[in-house]
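**Student:** Structure below; questions to follow.
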Number of protein chains: 2
Amino acid sequence: MRDVAVIGVGLSAWGEVWKQSLRDLITEAAVNAVDDAGVEKLDAMFIGCMSGGLFAGQEHIGALAADYLGMGPIPATRTESACASAGTAFRTGLMAVASGYHDVVLAGGVEKMTDVDGGATTRALAAAADQEYEAYHGVTFPGLYAMMAVAHMAKYGTTREQLAMVAVKNHRNGAMNPHGQSPFEVTLEQVLTATRVADPLRILDCSPVTDGAAAAILCPLDMVSRFTKSQAIRVTGSGQATDTIALHQRKDICAIESAALAAKVAYDMAGVGPGDIDFAEVHDCFTIAEIMVTEALGFCEQGQGGKAVEAGETALDGRIPINTSGGLKSKGHPVGATGIAQIHEIVTQLRGNAGGRQVKDAKRGLAQNMGGTGASSTVHILEVI
Amino acid sequence: MRDVAVIGVGLSAWGEVWKQSLRDLITEAAVNAVDDAGVEKLDAMFIGCMSGGLFAGQEHIGALAADYLGMGPIPATRTESACASAGTAFRTGLMAVASGYHDVVLAGGVEKMTDVDGGATTRALAAAADQEYEAYHGVTFPGLYAMMAVAHMAKYGTTREQLAMVAVKNHRNGAMNPHGQSPFEVTLEQVLTATRVADPLRILDCSPVTDGAAAAILCPLDMVSRFTKSQAIRVTGSGQATDTIALHQRKDICAIESAALAAKVAYDMAGVGPGDIDFAEVHDCFTIAEIMVTEALGFCEQGQGGKAVEAGETALDGRIPINTSGGLKSKGHPVGATGIAQIHEIVTQLRGNAGGRQVKDAKRGLAQNMGGTGASSTVHILEVI
């Protein structure tokens, strides 16, 4: 198996981007990544996208992206695992390079979410849940995560304030991120009194609907000396796992088992443990998700995720800074692109280019991307070479 | 790079399957493949699906399939390249094994197409074309392939009768396939006088709308001795290529360039040429497609595909038997499953289990799967070990 490095990253415009279409977004991110890497050609592309069909009437996303990037006729494939689609694009790209099938590979992700009305957005997102046993009966993601929050609060004593502290922390980080959709701070009071969405979750507990794309360029580690435009970062661990698609079939809805399993595989591959990670981007689609994932990744004991955020352990200057980019919460969450946007932040931090939100002495970062209520997770570990 | 073998294949019920849902179909095919291979556990899954969202309101197909197969928490990812989705699942599965990331991998595909009305089916399929420059303006796939047919007839003298002969040949083969959706013969007269769809294509020139799923089990070649329940088949070549997503941007609409490029990569990897292939399954979504792909794969000169079928060269007893399964035309075309259904036929033939449609001395077969009007193609070469 060949070792793999990231030699370039790029983002598109990000937020409510009315003037750019699906193809514009992925092309912009890809051009930025290609430019960052200083490569002249690619050998293959893998593009994460959750629902090009329901959001934009467009499938066949891989071929579309290769065409508009001007890189056809290279092989291009879309990967999908709901909101972990870009995480799977990254992992599939790793396999393409590790196997020797391809040398220089673009792993990207894109979602154009704001071209349909709110009801259609909610229905499209619900396609990540169990259509027959969840979505069909009217439950959508805020409701599902609200149930997880209520259960976590009952079982572990997690408080409404601790949930809000996740949003406050992530917006504080996100206010220093030039790529964010909501780059402003929010107060605890604002989160606690925001419009109720699904009790106990309020609107400031929820990640927004976002248009955006992200891309990363991969190549074999022993080839990085050919591409010296930007600092290369090594990928040392990759894990992926699944869980039941429906929440009610889990043995414990207070834990994200797929994240724990994917992390174990990634830690073992990298030869490290949670204590060796300097900072992490995790899938905070809702504030409760960050708390549960913090536990699943081993950054604190099971049930202690709320206390960890309250104690400032996951703050920028804490023991294990989480979501230095602002997370999905502040940076935004174009569902099919998020996994690679996380990689963008990890690479930016490891290169020391994160400005005001820079983690001191950042040598090893972890990205956790998640689909549905945790039916899919990917975990990747990246390190300074 | 590790060499890879197919150790099991399976199909679901196939056709207008009203009593089985999307998850039922992929689970049935996967169970059959697992049973054929005699494996007790899988390490990962890749599932091709073109539009779970538009056809069934269900994305997150990988996790769903792993869950209902009872194989969670293994990693499971959907791949999509329109009607070549399963071809890309197979190729991604090869990379997963070749890289050493996984040992025993299921590559599958599924589409549940008949749960929506005809208009919605047409709109969903049109998402494989260019939404902004083709689908939005009302052109759908029969119209696009009709333009290709008219151009091919004008440039090369291909006749209306030669198109019809593709359907006659494939239905003759398909009548001997127990898994087909339309297992009956048709006459030249019936094809020539069938209801017109998009001139010159008539209804019997078009593959049908189909529910179905297919699965194949892959493992490293040096591990096949552990799994002796069914005969293992070696994968010797894999190629993939793209082209412009919109037909009008091609330099020549009479040629499927992506198929030619994917074939070149696969031939080179296998160390063979078109003359070394004993039989092939190709993507005959319309009769003209088979003619153009026959040329692209090098089985005849450019422009001579019509004459090749007329001369019987692609018949079961011809120089290069094509679509012994009946092809998409007779066997049916559940778009996300077709690429693996082709692999099922190649393996069945190479094992000598094809009954009345058995190709004599079949030692090496080729499968070509295609998305859109050829914006994506995959080509795989399989051989008796």
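Chain lettering (A, B, ...) mirrors the order of the structure tokens, residue numbering begins at 1 for each chain separately, and ligand numbering begins at 1 in order of display.
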Skipping near chain neighbours, those fewer than 6 positions away, what residues fall within 12 Å of Asp36 of chain B using only C-alpha atoms, listed as a PDB file with N, CA and C atoms, in the first residue's frame?
**Tutor:**
ATOM      1  N   VAL B   6     -12.988 -12.310  -8.725  1.00  0.00           N
ATOM      2  CA  VAL B   6     -14.406 -12.363  -8.359  1.00  0.00           C
ATOM      3  C   VAL B   6     -14.680 -13.773  -7.857  1.00  0.00           C
ATOM      4  N   ILE B   7     -15.203 -13.894  -6.643  1.00  0.00           N
ATOM      5  CA  ILE B   7     -15.452 -15.235  -6.095  1.00  0.00           C
ATOM      6  C   ILE B   7     -16.937 -15.540  -5.945  1.00  0.00           C
ATOM      7  N   GLY B   8     -17.782 -14.559  -6.242  1.00  0.00           N
ATOM      8  CA  GLY B   8     -19.211 -14.836  -6.167  1.00  0.00           C
ATOM      9  C   GLY B   8     -20.005 -13.760  -6.868  1.00  0.00           C
ATOM     10  N   VAL B   9     -21.139 -14.145  -7.419  1.00  0.00           N
ATOM     11  CA  VAL B   9     -22.037 -13.177  -8.060  1.00  0.00           C
ATOM     12  C   VAL B   9     -23.479 -13.507  -7.691  1.00  0.00           C
ATOM     13  N   GLY B  10     -24.340 -12.502  -7.752  1.00  0.00           N
ATOM     14  CA  GLY B  10     -25.751 -12.744  -7.451  1.00  0.00           C
ATOM     15  C   GLY B  10     -26.631 -11.669  -8.047  1.00  0.00           C
ATOM     16  N   LEU B  11     -27.859 -12.053  -8.356  1.00  0.00           N
ATOM     17  CA  LEU B  11     -28.865 -11.107  -8.858  1.00  0.00           C
ATOM     18  C   LEU B  11     -30.077 -11.146  -7.939  1.00  0.00           C
ATOM     19  N   ALA B  29     -29.844  -9.517  -3.882  1.00  0.00           N
ATOM     20  CA  ALA B  29     -28.682  -9.739  -4.754  1.00  0.00           C
ATOM     21  C   ALA B  29     -27.430 -10.006  -3.923  1.00  0.00           C
ATOM     22  N   ALA B  30     -27.269  -9.230  -2.849  1.00  0.00           N
ATOM     23  CA  ALA B  30     -26.074  -9.370  -2.011  1.00  0.00           C
ATOM     24  C   ALA B  30     -26.052 -10.723  -1.314  1.00  0.00           C
ATOM     25  N   ALA B 215     -24.840  -8.115  -7.521  1.00  0.00           N
ATOM     26  CA  ALA B 215     -23.705  -8.011  -6.603  1.00  0.00           C
ATOM     27  C   ALA B 215     -22.612  -8.984  -6.994  1.00  0.00           C
ATOM     28  N   ALA B 216     -21.382  -8.597  -6.701  1.00  0.00           N
ATOM     29  CA  ALA B 216     -20.225  -9.458  -6.927  1.00  0.00           C
ATOM     30  C   ALA B 216     -19.321  -9.364  -5.705  1.00  0.00           C
ATOM     31  N   ILE B 217     -18.680 -10.470  -5.376  1.00  0.00           N
ATOM     32  CA  ILE B 217     -17.759 -10.488  -4.230  1.00  0.00           C
ATOM     33  C   ILE B 217     -16.333 -10.559  -4.764  1.00  0.00           C
ATOM     34  N   LEU B 218     -15.506  -9.638  -4.297  1.00  0.00           N
ATOM     35  CA  LEU B 218     -14.108  -9.548  -4.713  1.00  0.00           C
ATOM     36  C   LEU B 218     -13.187  -9.925  -3.571  1.00  0.00           C
ATOM     37  N   PHE B 227     -11.707 -19.706  -0.564  1.00  0.00           N
ATOM     38  CA  PHE B 227     -13.144 -19.668  -0.901  1.00  0.00           C
ATOM     39  C   PHE B 227     -13.372 -20.554  -2.123  1.00  0.00           C
ATOM     40  N   THR B 228     -13.724 -21.794  -1.874  1.00  0.00           N
ATOM     41  CA  THR B 228     -13.768 -22.766  -2.971  1.00  0.00           C
ATOM     42  C   THR B 228     -15.182 -23.173  -3.349  1.00  0.00           C
ATOM     43  N   LYS B 229     -16.178 -22.493  -2.802  1.00  0.00           N
ATOM     44  CA  LYS B 229     -17.550 -22.929  -3.070  1.00  0.00           C
ATOM     45  C   LYS B 229     -17.886 -22.808  -4.546  1.00  0.00           C
ATOM     46  N   SER B 230     -17.472 -21.704  -5.178  1.00  0.00           N
ATOM     47  CA  SER B 230     -17.741 -21.504  -6.600  1.00  0.00           C
ATOM     48  C   SER B 230     -16.429 -21.138  -7.293  1.00  0.00           C
ATOM     49  N   GLN B 231     -16.411 -21.318  -8.590  1.00  0.00           N
ATOM     50  CA  GLN B 231     -15.183 -21.046  -9.348  1.00  0.00           C
ATOM     51  C   GLN B 231     -14.839 -19.558  -9.331  1.00  0.00           C
ATOM     52  N   ALA B 232     -13.608 -19.235  -8.959  1.00  0.00           N
ATOM     53  CA  ALA B 232     -13.161 -17.838  -8.956  1.00  0.00           C
ATOM     54  C   ALA B 232     -12.725 -17.427 -10.356  1.00  0.00           C
ATOM     55  N   HIS B 344     -22.004 -10.334 -13.753  1.00  0.00           N
ATOM     56  CA  HIS B 344     -22.676 -11.603 -13.459  1.00  0.00           C
ATOM     57  C   HIS B 344     -22.700 -12.493 -14.695  1.00  0.00           C
ATOM     58  N   VAL B 347     -19.081 -13.756 -15.590  1.00  0.00           N
ATOM     59  CA  VAL B 347     -18.657 -14.827 -14.675  1.00  0.00           C
ATOM     60  C   VAL B 347     -19.423 -16.109 -14.990  1.00  0.00           C
ATOM     61  N   THR B 348     -20.730 -15.995 -15.246  1.00  0.00           N
ATOM     62  CA  THR B 348     -21.545 -17.171 -15.561  1.00  0.00           C
ATOM     63  C   THR B 348     -21.016 -17.870 -16.813  1.00  0.00           C
TER      64      THR B 348
END
**Student:** Using only C-alpha atoms, which chain B residues lie at most 7 Å away from chain A, written as a ChimeraX atom specification?
**Tutor:** /B:1,51,53-54,57-60,62-64,67,72-82,88,95-96,98-100,127-128,131,240-245,258,375-376
**Student:** Quick one: residues within 9 Å of segment 18-20 of chain A, only C-alpha atoms, excluding same-chain residues fewer than 2 positions away - as a PDB file with N, CA and C atoms, in the first residue's frame?
**Tutor:**
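For reference, part.pdb as written:
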ATOM      1  N   ALA A  13     -16.757  29.682  -3.420  1.00  0.00           N
ATOM      2  CA  ALA A  13     -17.616  30.588  -2.661  1.00  0.00           C
ATOM      3  C   ALA A  13     -18.505  29.724  -1.775  1.00  0.00           C
ATOM      4  N   GLY A  15     -21.868  29.677   1.142  1.00  0.00           N
ATOM      5  CA  GLY A  15     -22.986  30.352   1.795  1.00  0.00           C
ATOM      6  C   GLY A  15     -24.237  30.262   0.939  1.00  0.00           C
ATOM      7  N   GLU A  16     -24.944  31.351   0.830  1.00  0.00           N
ATOM      8  CA  GLU A  16     -26.117  31.389  -0.039  1.00  0.00           C
ATOM      9  C   GLU A  16     -25.640  32.008  -1.351  1.00  0.00           C
ATOM     10  N   LEU A  22     -24.319  24.483  -9.365  1.00  0.00           N
ATOM     11  CA  LEU A  22     -23.605  23.292  -8.890  1.00  0.00           C
ATOM     12  C   LEU A  22     -22.267  23.141  -9.598  1.00  0.00           C
ATOM     13  N   ARG A  23     -22.291  23.233 -10.924  1.00  0.00           N
ATOM     14  CA  ARG A  23     -21.043  23.006 -11.669  1.00  0.00           C
ATOM     15  C   ARG A  23     -20.041  24.145 -11.457  1.00  0.00           C
ATOM     16  N   ASP A  24     -20.544  25.365 -11.294  1.00  0.00           N
ATOM     17  CA  ASP A  24     -19.648  26.487 -10.994  1.00  0.00           C
ATOM     18  C   ASP A  24     -18.915  26.251  -9.678  1.00  0.00           C
ATOM     19  N   LEU A  25     -19.659  25.802  -8.681  1.00  0.00           N
ATOM     20  CA  LEU A  25     -19.080  25.636  -7.345  1.00  0.00           C
ATOM     21  C   LEU A  25     -17.972  24.598  -7.331  1.00  0.00           C
ATOM     22  N   LYS A 112     -25.333  22.079  -3.907  1.00  0.00           N
ATOM     23  CA  LYS A 112     -26.027  23.328  -4.226  1.00  0.00           C
ATOM     24  C   LYS A 112     -27.414  23.181  -3.624  1.00  0.00           C
ATOM     25  N   THR A 114     -29.549  25.745  -2.172  1.00  0.00           N
ATOM     26  CA  THR A 114     -30.504  26.852  -2.025  1.00  0.00           C
ATOM     27  C   THR A 114     -31.319  27.142  -3.283  1.00  0.00           C
ATOM     28  N   ASP A 115     -31.236  26.256  -4.290  1.00  0.00           N
ATOM     29  CA  ASP A 115     -32.035  26.482  -5.498  1.00  0.00           C
ATOM     30  C   ASP A 115     -33.420  25.861  -5.406  1.00  0.00           C
ATOM     31  N   ASP A 211     -24.630  26.526   0.129  1.00  0.00           N
ATOM     32  CA  ASP A 211     -24.061  26.163  -1.166  1.00  0.00           C
ATOM     33  C   ASP A 211     -22.548  26.181  -1.023  1.00  0.00           C
TER      34      ASP A 211
END
**Student:** Identify all residues of segment 47-157 of chain B in alpha helix (DSSP H) (DSSP on the backbone) and supply them as a PyMOL selection string.
**Tutor:** chain B and resi 52-56+61-68+85-98+118-126+141-156
**Student:** My list of candidates is B:Val282, B:Val293, B:Thr210, B:Arg351. Which is closest to Glu111 of chain B when distances are computed with only C-alpha atoms?
**Tutor:**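 Answer, going by the shortest atom-to-atom distance: B:Thr210.
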**Student:** Considering only C-alpha atoms, return as a JSON list (two decimals) with N, CA and C atoms, in the first residue's frame whatever protein or nucleic-acid residues lie within 7 Å of segment 150-166 of chain A, sequence-local ones (same chain, fewer than 6 positions apart) excluded.
**Tutor:**
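For reference, result_23.json as written:
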[["chain", "number", "residue", "atom", "x", "y", "z"],
["A", 188, "LEU", "N", -24.36, 33.14, 24.59],
["A", 188, "LEU", "CA", -25.11, 32.04, 25.20],
["A", 188, "LEU", "C", -26.60, 32.40, 25.24],
["A", 191, "VAL", "N", -28.32, 31.97, 21.87],
["A", 191, "VAL", "CA", -28.59, 30.56, 21.50],
["A", 191, "VAL", "C", -29.78, 30.04, 22.31],
["A", 192, "LEU", "N", -29.78, 30.36, 23.61],
["A", 192, "LEU", "CA", -30.81, 29.81, 24.50],
["A", 192, "LEU", "C", -32.20, 30.37, 24.22],
["A", 205, "ASP", "N", -28.70, 26.04, 17.35],
["A", 205, "ASP", "CA", -28.09, 24.72, 17.56],
["A", 205, "ASP", "C", -27.90, 23.96, 16.25],
["A", 254, "CYS", "N", -27.51, 7.40, 22.51],
["A", 254, "CYS", "CA", -26.66, 8.42, 23.13],
["A", 254, "CYS", "C", -25.21, 8.32, 22.68],
["A", 287, "THR", "N", -25.64, 20.92, 17.65],
["A", 287, "THR", "CA", -24.71, 21.04, 18.78],
["A", 287, "THR", "C", -24.55, 19.71, 19.52],
["A", 288, "ILE", "N", -25.65, 18.95, 19.67],
["A", 288, "ILE", "CA", -25.56, 17.67, 20.37],
["A", 288, "ILE", "C", -24.63, 16.71, 19.64],
["A", 303, "GLY", "N", -20.34, 10.36, 27.74],
["A", 303, "GLY", "CA", -21.26, 11.11, 28.59],
["A", 303, "GLY", "C", -20.69, 12.43, 29.10],
["A", 306, "GLY", "N", -20.52, 17.18, 27.14],
["A", 306, "GLY", "CA", -21.08, 18.47, 27.55],
["A", 306, "GLY", "C", -20.17, 19.17, 28.55],
["A", 309, "VAL", "N", -17.00, 20.71, 26.88],
["A", 309, "VAL", "CA", -17.14, 22.03, 26.25],
["A", 309, "VAL", "C", -17.31, 23.12, 27.31],
["A", 310, "GLU", "N", -18.03, 22.80, 28.35],
["A", 310, "GLU", "CA", -18.24, 23.77, 29.43],
["A", 310, "GLU", "C", -16.92, 24.15, 30.10]]
**Student:** Calculated over only C-alpha atoms, which of the candidates A:Gly318, A:Gly109, A:Gly119, A:Gly305 has the smallest distance to Pro334 of chain A?
**Tutor:**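 Nearest candidate to Pro334 of chain A out of A:Gly318, A:Gly109, A:Gly119, A:Gly305: A:Gly109.
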**Student:** For Asp199 of chain B, work out the shell of residues within 9 Å, counting only C-alpha atoms and skipping chain neighbours fewer than 4 positions away, then give it as a count of residues only.
**Tutor:** 6
**Student:** Residues of segment 83-119 of chain B in strand (DSSP E or B) according to DSSP, as a VMD selection string?
**Tutor:** chain B and resid 83 105 to 111
**Student:** The selected residues should be written to file as a compact mmCIF listing (two decimals), in the first residue's frame (atoms: N, CA and C atoms).
**Tutor:**
# COMPACT_ATOMS: atom_id res chain seq x y z
N CYS B 83 -25.77 5.71 -15.50
CA CYS B 83 -26.02 4.29 -15.79
C CYS B 83 -24.75 3.45 -15.71
N VAL B 105 -14.64 -7.79 -0.46
CA VAL B 105 -15.44 -6.59 -0.76
C VAL B 105 -16.62 -6.96 -1.65
N LEU B 106 -17.79 -6.42 -1.30
CA LEU B 106 -18.96 -6.58 -2.17
C LEU B 106 -19.10 -5.34 -3.04
N ALA B 107 -19.13 -5.56 -4.35
CA ALA B 107 -19.44 -4.48 -5.29
C ALA B 107 -20.81 -4.78 -5.87
N GLY B 108 -21.74 -3.87 -5.65
CA GLY B 108 -23.11 -4.13 -6.09
C GLY B 108 -23.70 -2.95 -6.81
N GLY B 109 -24.95 -3.10 -7.20
CA GLY B 109 -25.67 -2.01 -7.82
C GLY B 109 -27.16 -2.26 -7.69
N VAL B 110 -27.93 -1.19 -7.65
CA VAL B 110 -29.38 -1.34 -7.48
C VAL B 110 -30.10 -0.14 -8.07
N GLU B 111 -31.28 -0.39 -8.62
CA GLU B 111 -32.19 0.71 -8.95
C GLU B 111 -33.61 0.20 -8.84
**Student:** Using only C-alpha atoms, pick whichever of A:Lys329, A:Arg234, A:Arg226, A:His171 has the shortest atom-to-atom distance to Ala5 of chain A.
**Tutor:**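 Under the stated criterion, the closest residue is A:Arg234.
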**Student:** Just the residues within 6 Å of Met176 of chain B, please, counting only C-alpha atoms, with nothing from its chain fewer than 2 positions along; format it as a list in words.
**Tutor:** Asn173, Gly174 and Gly356 of chain B
**Student:** Please, could you write that set of residues out with C-alpha atoms as a PDB file, in the first residue's frame?
**Tutor:**
ATOM      1  CA  ASN B 173     -29.983 -14.494 -26.554  1.00  0.00           C
ATOM      2  CA  GLY B 174     -32.210 -13.136 -23.807  1.00  0.00           C
ATOM      3  CA  GLY B 356     -28.338 -22.568 -24.060  1.00  0.00           C
TER       4      GLY B 356
END
**Student:** Excluding Arg364 of chain A and residues on its chain fewer than 4 positions from it, collect all residues at most 10 Å away from it, counting only C-alpha atoms, and give them as a list in words.
**Tutor:** Ile233, Arg234, Val235, Thr236, Asp276, Ile277, Asp278, Phe279, Ala280, Ile346, Val347, Gln349, Leu350, Ile381, Leu382, Glu383, Val384 and Ile385 of chain A
